[in-house]
Amino acid sequence: MQDSLVAEDDALELDETPEDRILSCRKAGSIMREGRDRVVNLAVDKTGRILACHGTDCVLEVFCILSKEEVQKKMEKKMKKARKKAKLNSCKGEEEDLEISVEMTLRDEIQRVTNIKTSAKIKSFDMIHSPQGELKAVFLLQNNLVELYSLNASLPTPQPIRTSRITIGGHRSDVRTLSFSSDNIAVLSAAADSIKIWNRSTLQCIRTMNCEYALCSFFVPGDRQVVIGTKTGKLQLYDLASGNLLETIDAHDGALWSMCLSPDQRGFVTGGADKSVKFWDFELVKDEKSTQKRLSVKQTRMLQLDEDVLCVRYSPNQKLLAVSLLDCTVKIFYVDTLKFFLSLYGHKLPVICMDISYDGALIATGSADRNVKIWGLDFGDCHKSLFAHDDSVMYLQFVPKSHLFFTAGKDHKIKQWDADKFEHIQTLEGHHQEIWCLAVSPSGDYVVSSSHDKSLRLWERTREPLILEEEREMQREAEYEESVAKEDQPAVPGEAQGDSYFTGRKTIETVKAAERIMEAIELYREETAKMKEHQAICKAAGKEVPLPINPILMAYGNISPSAYVLEIFKGIKSSELEESLLVLPFSYVPDILKLFNEFIQLGSDVELLCRCLFFLLRIHFGQITSNQMLVPVIEKLKETTISKVRQVQDVIGFNMAGLDYLKRECEAKSEVMFFAEATTQLEEKKRKRKKREKLILTLT
């Protein structure tokens with residue numbers, strides 16, 4: 001029985017070998033991880049010796065891929081243990097040799113080394129394994145840290161050691177506020193736990209200070225101190241030279257969302273979640289630790305409102321104050337009397353950001369409803385509403401001495417706009433996640449932005465002229481390609497939604513193919529008109545006048561215009577043919593039908609032409625039947641198509657009969673079956689597989 005089973009297995013293997021397979025994959029085994037979450041990243045070092053993987057936690061599991069010699073030694077030890085165990089279990093007095101076989105599994109080839117635990121969740125990693133056995137692994141963590149660990153994989157119990165760590169540089173969390181110094185050199189960025197001062201020219205961090213969760217900030221005039229507004233409603237004043245916290249003031253009971261330096265640079269205004277706007281002035285007070293005076297702030301006035309304050313902005317002449325409220329409106333007050341002046345309403349969601357132009361004529365507001373509205377500050381009329389971003393508008397700021405402004409949104413884009421012409425100028429793409437804020441330098445030459453991807457990006461204005469038409473053309477092409485990629489399956493007129501046989505999808509290639517067909521028809525029309533004019537000229541002149549040849553037709557071998565149209569149809573991919581015809585306007589269909597009649601009469605490419613003809617009749621049936629000019633064309637097509645298709649069927653039938661005759665002759669001569677169907681082979685394999693399963697069942 002065993003011999004017959006082996007024979008059946010060999011026969012099955014022989015039957016399966018003729019199947020041509022380029023790549024085959026089979027499961028070699030499984031290795032259990034200690035972590036219970038999903039695997040996020042799996043990598044092997046360049047030597048192929050070390051395999052490592054990690055999940056969503058902070059543990060990297062390291063495995064070693066053993067060499068053939070090591071696997072052989074391990075299997076020999078395993079065999080010795082199995083023999084010893086078999087001898088102990090065997091009956092006493094038996095001296096015959098025991099036949100013992102040990103299976104090699106994937107666990108015998110891959111051995112666990114150790115686990116490396118990092119200080120935070122792992123985002124990505126890389127490894128280097130030296131020939132001496134030392135393994136070095138570098139990690140990029142979720143909190144923007146970089147750590148380097150080393151261990152000796154050749155030891156019985158290797159212990160990972162953290163050798164170095166990069167902590168200074170970027171922030172550990174998202175940057176929520178940015179500011180430029182008055183000289184355009186220093187950039188302030190503040191996040192949930194730290195403030196960093198960057199040198200714009202060298203891009204180096206020159207100062208790091210601990211703080212609370214920062215939401216807004218600005219440089220004090222003179223660029224020696226900075227003021228931070230926090231999520232807990234506190235004002236924090238820092239000295240840049242020493243990096244010390246000078247003073248902390250409880251300004252608001254809720255989050256301090258916005259601050260704005262007054263144009264006279266003597267104070268500033270703050271707005272918070274406690275429904276109040278507070279005015280502050282700078283003052284010099286005596287320092288308790290030294291005899292010198294230091295900078296401080298004091299509250300002078302307060303404006304109480306009915307809703308939470310999200311953003312505050314001064315007008316350049318310091319006569320008006322704009323306050324954005326949670327009720328989706330922006331209220332304008334007089335600064336001196338705090339009396340109400342205007343209310344700007346029209347946004348469907350709260351206004352998150354706003355700014356006033358340098359001349360005080362315009363105010364632009366950005367909202368969570370994805371729109372930017374441009375208002376006149378004299379009467380409060382809305383000049384224009386722009387659909388700015390695909391998600392919430394997070395920040396807005398005018399370029400100094402101009403009516404241009406930048407917006408940043410959660411759609412990962414920064415856009416520049418013209419508030420006079422209401423035009424989109426350009427889009428700055430580079431961030432991979434939501435953009436929280438941006439800052440424009442006082443000179444207007446630089447823009448810095450921060451995002452949820454933990455990065456700060458510095459943008460510089462170049463001297464290269466920006467042509468708006470080219471930018472719009474590029475934007476239209478990008479939008480069109482995106483719309484084509486997202487477009488649903490096209491519907492054929494006159495058919496139910498689910499009954500269409502049409503399986504194509506509109507792509508850039510199908511649109512280009514339709515354009516090539518239209519260009520070919522236009523060339524055919526032009527050349528036909530030229531031919532008629534040439535015949536009239538020759539008839540009037542009484543002699544033959546040479547006709548200039550079109551360079552396109554000359555490139556195709558000096559063919560006729562109708563033959564050129566046929567070549568274009570032949571050059572379209574079979575999978576894109578129907579979609580290209582579906583995009584084609586009906587004004588080109590009459591000329592195509594007349595050309596098809598001419599082509600089919602000549603008997604060239606009947607199958608391709610019939611396929612195109614039937615599809616055009618299917619999608620333009622109503623327009624074709626209602627056009628009296630096309631009735632004789634359709635009648636001629638009916639006669640020629642039926643006769644030519646029958647001729648093609650006769651040729652194919654004759655060829656099939658000839659092939660069958662040759663097949664029988666070859667089989668009779670060599671006594672071997674040729675051209676066997678794949679279905680019969682598959683049924684035979686299934687039959688043998690079932691027989692094999694029955695044999696296994698009878699053995700068990």
# chains A, B, ... in the order shown; residues from 1 in each chain; ligands from 1
$ residues_around --residues "segment 113-128 of chain A" --least-positions-apart "6" --cutoff "6 Å" --atoms "only C-alpha atoms" --output "PyMOL selection string"
chain A and resi 45+57-63+135-142
$ residues_around --residues "segment 264-275 of chain A" --least-positions-apart "5" --cutoff "8 Å" --atoms "only C-alpha atoms" --output "count of residues only"
23
$ atom_distance --atom1 "atom CA of Pro158 of chain A" --atom2 "atom CA of His54 of chain A"
18.3 Å
$ atom_distance --atom1 "atom CA of Leu466 of chain A" --atom2 "atom CA of Gln426 of chain A"
8.6 Å
$ select_by_dssp --residues "segment 266-315 of chain A" --states "strand (DSSP E or B)" --output "PyMOL selection string"
chain A and resi 267-272+276-286+293-304+309-314
$ write_last_selection --atoms "N, CA, C and O atoms" --output "tab-separated table (two decimals), in the first residue's frame"
chain	number	residue	atom	x	y	z
A	267	GLY	N	2.27	97.76	24.05
A	267	GLY	CA	1.50	96.73	24.75
A	267	GLY	C	0.96	95.72	23.76
A	267	GLY	O	1.35	95.67	22.59
A	268	PHE	N	0.00	94.94	24.23
A	268	PHE	CA	-0.60	93.91	23.39
A	268	PHE	C	-1.98	93.58	23.93
A	268	PHE	O	-2.36	94.04	25.03
A	269	VAL	N	-2.72	92.80	23.17
A	269	VAL	CA	-4.07	92.39	23.55
A	269	VAL	C	-4.14	90.87	23.48
A	269	VAL	O	-3.48	90.24	22.65
A	270	THR	N	-4.91	90.27	24.40
A	270	THR	CA	-5.07	88.81	24.45
A	270	THR	C	-6.55	88.46	24.44
A	270	THR	O	-7.39	89.23	24.94
A	271	GLY	N	-6.86	87.29	23.90
A	271	GLY	CA	-8.22	86.77	23.90
A	271	GLY	C	-8.22	85.32	24.30
A	271	GLY	O	-7.37	84.55	23.85
A	272	GLY	N	-9.16	84.93	25.15
A	272	GLY	CA	-9.17	83.57	25.66
A	272	GLY	C	-10.53	82.94	25.69
A	272	GLY	O	-11.54	83.52	25.25
A	276	SER	N	-13.35	86.80	27.31
A	276	SER	CA	-12.86	88.15	27.60
A	276	SER	C	-11.67	88.49	26.72
A	276	SER	O	-10.91	87.60	26.31
A	277	VAL	N	-11.54	89.80	26.46
A	277	VAL	CA	-10.39	90.36	25.76
A	277	VAL	C	-9.70	91.30	26.73
A	277	VAL	O	-10.34	92.22	27.28
A	278	LYS	N	-8.40	91.10	26.95
A	278	LYS	CA	-7.67	91.90	27.93
A	278	LYS	C	-6.55	92.66	27.24
A	278	LYS	O	-5.88	92.14	26.34
A	279	PHE	N	-6.35	93.90	27.73
A	279	PHE	CA	-5.32	94.79	27.18
A	279	PHE	C	-4.18	94.89	28.20
A	279	PHE	O	-4.41	95.06	29.41
A	280	TRP	N	-2.94	94.79	27.68
A	280	TRP	CA	-1.76	94.78	28.54
A	280	TRP	C	-0.76	95.81	28.05
A	280	TRP	O	-0.65	96.06	26.84
A	281	ASP	N	-0.01	96.38	29.01
A	281	ASP	CA	1.07	97.32	28.68
A	281	ASP	C	2.38	96.79	29.23
A	281	ASP	O	2.40	96.13	30.28
A	282	PHE	N	3.47	97.08	28.50
A	282	PHE	CA	4.80	96.73	29.01
A	282	PHE	C	5.24	97.76	30.05
A	282	PHE	O	4.93	98.96	29.94
A	283	GLU	N	5.97	97.29	31.05
A	283	GLU	CA	6.51	98.19	32.06
A	283	GLU	C	7.81	97.60	32.61
A	283	GLU	O	8.06	96.40	32.49
A	284	LEU	N	8.62	98.45	33.18
A	284	LEU	CA	9.87	98.02	33.82
A	284	LEU	C	9.66	98.00	35.33
A	284	LEU	O	9.22	98.99	35.93
A	285	VAL	N	9.96	96.86	35.94
A	285	VAL	CA	9.82	96.70	37.39
A	285	VAL	C	11.17	96.30	37.97
A	285	VAL	O	12.05	95.78	37.26
A	286	LYS	N	11.32	96.52	39.23
A	286	LYS	CA	12.57	96.18	39.91
A	286	LYS	C	12.63	94.68	40.14
A	286	LYS	O	11.69	94.07	40.65
A	293	LYS	N	16.40	96.66	36.70
A	293	LYS	CA	14.99	96.53	36.35
A	293	LYS	C	14.82	95.52	35.22
A	293	LYS	O	15.71	95.35	34.39
A	294	ARG	N	13.68	94.90	35.22
A	294	ARG	CA	13.37	93.91	34.17
A	294	ARG	C	12.01	94.24	33.57
A	294	ARG	O	11.22	95.01	34.14
A	295	LEU	N	11.76	93.61	32.45
A	295	LEU	CA	10.49	93.85	31.75
A	295	LEU	C	9.37	93.06	32.40
A	295	LEU	O	9.54	91.92	32.82
A	296	SER	N	8.20	93.68	32.46
A	296	SER	CA	7.00	93.03	32.97
A	296	SER	C	5.80	93.57	32.21
A	296	SER	O	5.93	94.47	31.37
A	297	VAL	N	4.64	93.02	32.50
A	297	VAL	CA	3.40	93.47	31.86
A	297	VAL	C	2.36	93.70	32.93
A	297	VAL	O	2.37	93.07	34.00
A	298	LYS	N	1.43	94.62	32.64
A	298	LYS	CA	0.32	94.87	33.55
A	298	LYS	C	-0.95	95.03	32.73
A	298	LYS	O	-0.95	95.55	31.61
A	299	GLN	N	-2.07	94.59	33.32
A	299	GLN	CA	-3.36	94.68	32.64
A	299	GLN	C	-3.93	96.08	32.83
A	299	GLN	O	-3.93	96.63	33.93
A	300	THR	N	-4.43	96.65	31.74
A	300	THR	CA	-4.99	98.01	31.79
A	300	THR	C	-6.50	98.01	31.64
A	300	THR	O	-7.20	98.73	32.36
A	301	ARG	N	-7.04	97.21	30.69
A	301	ARG	CA	-8.49	97.20	30.45
A	301	ARG	C	-8.93	95.78	30.14
A	301	ARG	O	-8.11	94.89	29.85
A	302	MET	N	-10.27	95.59	30.14
A	302	MET	CA	-10.83	94.28	29.80
A	302	MET	C	-12.16	94.49	29.10
A	302	MET	O	-12.95	95.37	29.49
A	303	LEU	N	-12.40	93.69	28.06
A	303	LEU	CA	-13.65	93.71	27.31
A	303	LEU	C	-14.32	92.35	27.48
A	303	LEU	O	-13.76	91.33	27.08
A	304	GLN	N	-15.51	92.35	28.09
A	304	GLN	CA	-16.23	91.09	28.33
A	304	GLN	C	-17.20	90.85	27.18
A	304	GLN	O	-17.93	91.75	26.75
A	309	VAL	N	-13.44	83.76	22.85
A	309	VAL	CA	-12.64	84.52	21.87
A	309	VAL	C	-11.60	83.58	21.26
A	309	VAL	O	-10.84	82.92	21.96
A	310	LEU	N	-11.58	83.51	19.91
A	310	LEU	CA	-10.66	82.63	19.19
A	310	LEU	C	-9.47	83.36	18.59
A	310	LEU	O	-8.39	82.80	18.46
A	311	CYS	N	-9.67	84.63	18.20
A	311	CYS	CA	-8.58	85.37	17.55
A	311	CYS	C	-8.82	86.86	17.74
A	311	CYS	O	-9.97	87.33	17.72
A	312	VAL	N	-7.73	87.61	17.93
A	312	VAL	CA	-7.80	89.08	18.06
A	312	VAL	C	-6.75	89.70	17.15
A	312	VAL	O	-5.65	89.17	17.00
A	313	ARG	N	-7.10	90.85	16.55
A	313	ARG	CA	-6.17	91.55	15.68
A	313	ARG	C	-6.42	93.07	15.76
A	313	ARG	O	-7.57	93.52	15.74
A	314	TYR	N	-5.31	93.83	15.84
A	314	TYR	CA	-5.35	95.28	15.79
A	314	TYR	C	-5.35	95.74	14.34
A	314	TYR	O	-4.74	95.12	13.46
$ residues_around --residues "segment 333-337 of chain A" --least-positions-apart "3" --cutoff "7 Å" --atoms "only C-alpha atoms" --output "number ranges by chain"
A: 318-322, 340-341
$ closest_residue --among "A:Asn210, A:Val71, A:Ser262, A:Gln628" --to "Leu237 of chain A" --atoms "only C-alpha atoms"
A:Asn210
$ residues_around --residues "segment 240-251 of chain A" --least-positions-apart "6" --cutoff "6 Å" --atoms "only C-alpha atoms" --output "PyMOL selection string"
chain A and resi 224-225+233-234
$ write_last_selection --atoms "N, CA, C and O atoms" --output "mmCIF file, in the first residue's frame"
data_model
loop_
_atom_site.group_PDB
_atom_site.id
_atom_site.type_symbol
_atom_site.label_atom_id
_atom_site.label_comp_id
_atom_site.auth_asym_id
_atom_site.auth_seq_id
_atom_site.Cartn_x
_atom_site.Cartn_y
_atom_site.Cartn_z
ATOM 1 N N ARG A 224 14.613 90.904 22.619
ATOM 2 C CA ARG A 224 15.369 90.333 23.733
ATOM 3 C C ARG A 224 14.507 89.458 24.625
ATOM 4 O O ARG A 224 15.041 88.677 25.412
ATOM 5 N N GLN A 225 13.213 89.612 24.532
ATOM 6 C CA GLN A 225 12.277 88.799 25.305
ATOM 7 C C GLN A 225 11.179 88.288 24.372
ATOM 8 O O GLN A 225 10.943 88.847 23.289
ATOM 9 N N GLY A 233 -4.162 79.377 30.110
ATOM 10 C CA GLY A 233 -4.530 80.777 30.256
ATOM 11 C C GLY A 233 -3.457 81.649 30.864
ATOM 12 O O GLY A 233 -3.750 82.770 31.304
ATOM 13 N N LYS A 234 -2.222 81.202 30.883
ATOM 14 C CA LYS A 234 -1.146 81.976 31.508
ATOM 15 C C LYS A 234 -0.323 82.708 30.450
ATOM 16 O O LYS A 234 -0.203 82.264 29.304
#
$ atom_distance --atom1 "atom CA of Lys331 of chain A" --atom2 "atom CA of Gln236 of chain A"
27.5 Å
$ residues_around --residues "His412 of chain A" --least-positions-apart "2" --cutoff "10 Å" --atoms "only C-alpha atoms" --output "list of chain:residue names"
A:His389, A:Asp390, A:Asp391, A:Ala408, A:Gly409, A:Lys410, A:Ile414, A:Leu428, A:Glu429, A:Gly430, A:His431, A:His432, A:Gln433, A:Glu434, A:Ile435, A:Trp436, A:Ser451, A:His452, A:Asp453
$ decode --residues "segment 121-194 of chain A" --atoms "C-alpha atoms" --output "mmCIF file, in the first residue's frame"
data_model
loop_
_atom_site.group_PDB
_atom_site.id
_atom_site.type_symbol
_atom_site.label_atom_id
_atom_site.label_comp_id
_atom_site.auth_asym_id
_atom_site.auth_seq_id
_atom_site.Cartn_x
_atom_site.Cartn_y
_atom_site.Cartn_z
ATOM 1 C CA LYS A 121 6.914 54.060 20.635
ATOM 2 C CA ILE A 122 8.941 53.097 17.574
ATOM 3 C CA LYS A 123 8.190 54.795 14.257
ATOM 4 C CA SER A 124 10.998 53.242 12.165
ATOM 5 C CA PHE A 125 14.393 51.591 12.615
ATOM 6 C CA ASP A 126 17.490 50.362 10.816
ATOM 7 C CA MET A 127 20.277 47.899 11.706
ATOM 8 C CA ILE A 128 23.965 47.243 11.000
ATOM 9 C CA HIS A 129 25.540 43.887 11.880
ATOM 10 C CA SER A 130 29.342 43.766 11.927
ATOM 11 C CA PRO A 131 31.345 40.549 11.247
ATOM 12 C CA GLN A 132 32.576 40.608 14.870
ATOM 13 C CA GLY A 133 29.024 39.992 16.047
ATOM 14 C CA GLU A 134 28.110 43.509 17.230
ATOM 15 C CA LEU A 135 24.651 44.693 16.243
ATOM 16 C CA LYS A 136 23.781 48.394 16.112
ATOM 17 C CA ALA A 137 20.184 49.533 15.799
ATOM 18 C CA VAL A 138 19.029 53.123 15.321
ATOM 19 C CA PHE A 139 15.425 54.121 16.096
ATOM 20 C CA LEU A 140 13.239 57.054 15.150
ATOM 21 C CA LEU A 141 10.613 57.344 17.860
ATOM 22 C CA GLN A 142 7.109 58.778 17.792
ATOM 23 C CA ASN A 143 8.137 61.712 19.990
ATOM 24 C CA ASN A 144 10.751 62.785 17.397
ATOM 25 C CA LEU A 145 13.743 61.315 19.290
ATOM 26 C CA VAL A 146 16.572 59.326 17.686
ATOM 27 C CA GLU A 147 18.185 56.573 19.782
ATOM 28 C CA LEU A 148 21.113 54.230 19.038
ATOM 29 C CA TYR A 149 21.431 50.834 20.716
ATOM 30 C CA SER A 150 24.182 48.213 20.462
ATOM 31 C CA LEU A 151 24.410 44.570 21.535
ATOM 32 C CA ASN A 152 26.633 41.559 20.951
ATOM 33 C CA ALA A 153 24.469 38.953 19.223
ATOM 34 C CA SER A 154 27.108 36.219 19.621
ATOM 35 C CA LEU A 155 26.774 36.128 23.430
ATOM 36 C CA PRO A 156 24.428 33.574 25.061
ATOM 37 C CA THR A 157 22.352 36.320 26.727
ATOM 38 C CA PRO A 158 23.031 39.614 24.919
ATOM 39 C CA GLN A 159 21.997 42.799 26.712
ATOM 40 C CA PRO A 160 21.152 45.882 24.606
ATOM 41 C CA ILE A 161 22.860 49.110 25.672
ATOM 42 C CA ARG A 162 21.767 52.601 24.611
ATOM 43 C CA THR A 163 24.952 54.238 23.359
ATOM 44 C CA SER A 164 23.669 57.624 22.169
ATOM 45 C CA ARG A 165 20.559 59.708 21.872
ATOM 46 C CA ILE A 166 19.642 62.788 19.855
ATOM 47 C CA THR A 167 17.371 64.959 21.955
ATOM 48 C CA ILE A 168 18.219 68.517 20.947
ATOM 49 C CA GLY A 169 16.940 69.820 17.638
ATOM 50 C CA GLY A 170 13.287 69.436 16.788
ATOM 51 C CA HIS A 171 10.295 69.487 19.111
ATOM 52 C CA ARG A 172 8.937 66.383 20.785
ATOM 53 C CA SER A 173 5.343 67.375 19.966
ATOM 54 C CA ASP A 174 3.438 69.458 17.428
ATOM 55 C CA VAL A 175 4.458 73.114 17.084
ATOM 56 C CA ARG A 176 1.384 75.292 17.632
ATOM 57 C CA THR A 177 2.823 78.795 17.284
ATOM 58 C CA LEU A 178 5.537 80.507 15.221
ATOM 59 C CA SER A 179 6.952 84.044 15.203
ATOM 60 C CA PHE A 180 9.643 86.023 13.376
ATOM 61 C CA SER A 181 11.902 88.547 15.038
ATOM 62 C CA SER A 182 11.837 92.123 13.753
ATOM 63 C CA ASP A 183 15.209 91.692 11.975
ATOM 64 C CA ASN A 184 14.054 88.506 10.101
ATOM 65 C CA ILE A 185 16.942 86.506 11.631
ATOM 66 C CA ALA A 186 15.399 84.593 14.547
ATOM 67 C CA VAL A 187 12.393 82.271 14.422
ATOM 68 C CA LEU A 188 10.448 81.279 17.529
ATOM 69 C CA SER A 189 8.629 77.934 17.649
ATOM 70 C CA ALA A 190 6.701 76.728 20.672
ATOM 71 C CA ALA A 191 5.056 73.373 21.368
ATOM 72 C CA ALA A 192 3.519 71.538 24.311
ATOM 73 C CA ASP A 193 6.701 71.369 26.385
ATOM 74 C CA SER A 194 9.382 73.673 24.980
#
